[in-house]
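Structure record follows, encoded as structure tokens.
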Amino acid sequence: MTPKLDAAAKRLQAALTRIEGAIAACLSTDLPEGEEGARQLAAQLASARAENQELAAANVSVAARLDNAIDRLRAVLRN
């Protein structure tokens with residue numbers, strides 16, 4: 001893999017680790033009940049969704065760049 005792809009894979013793995021940690025923390029602790037608990041959960045959900053959107057955008061960008069690089073390599077090999 002290329003260094004950029006390795007870095008992207010490491011960032012993705014780190015994000016997944018943070019998500020797993022957050023889930024484990026939620027399951028192992030008592031969350032506040034009522035309106036405050038709902039607000040905390042809503043904030044955590046919004047944060048997770050934002051991170052998911054960032055990762056999806058990065059994935060699209062990396063995929064496009066890889067496709068472009070593959071197309072250039074094919075063109076070089078054909079000549």
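Identifiers in the structure tokens: chain A, B, ... in order shown; residue index from 1 per chain; ligand index from 1 in order shown.
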Please build the interface table for region 32-79 of chain A against region 4-25 of chain A with a cut-off of 8 Å, listing for each qualifying residue the nearest atom pair and the distance in Å to one decimal; count only C-alpha atoms, order rows by chain and increasing number, and write it as CSV.
residue,atom,partner,partner_atom,distance
A:Ala48,CA,A:Ile19,CA,7.7
A:Leu55,CA,A:Leu12,CA,7.3
A:Val62,CA,A:Leu5,CA,7.6
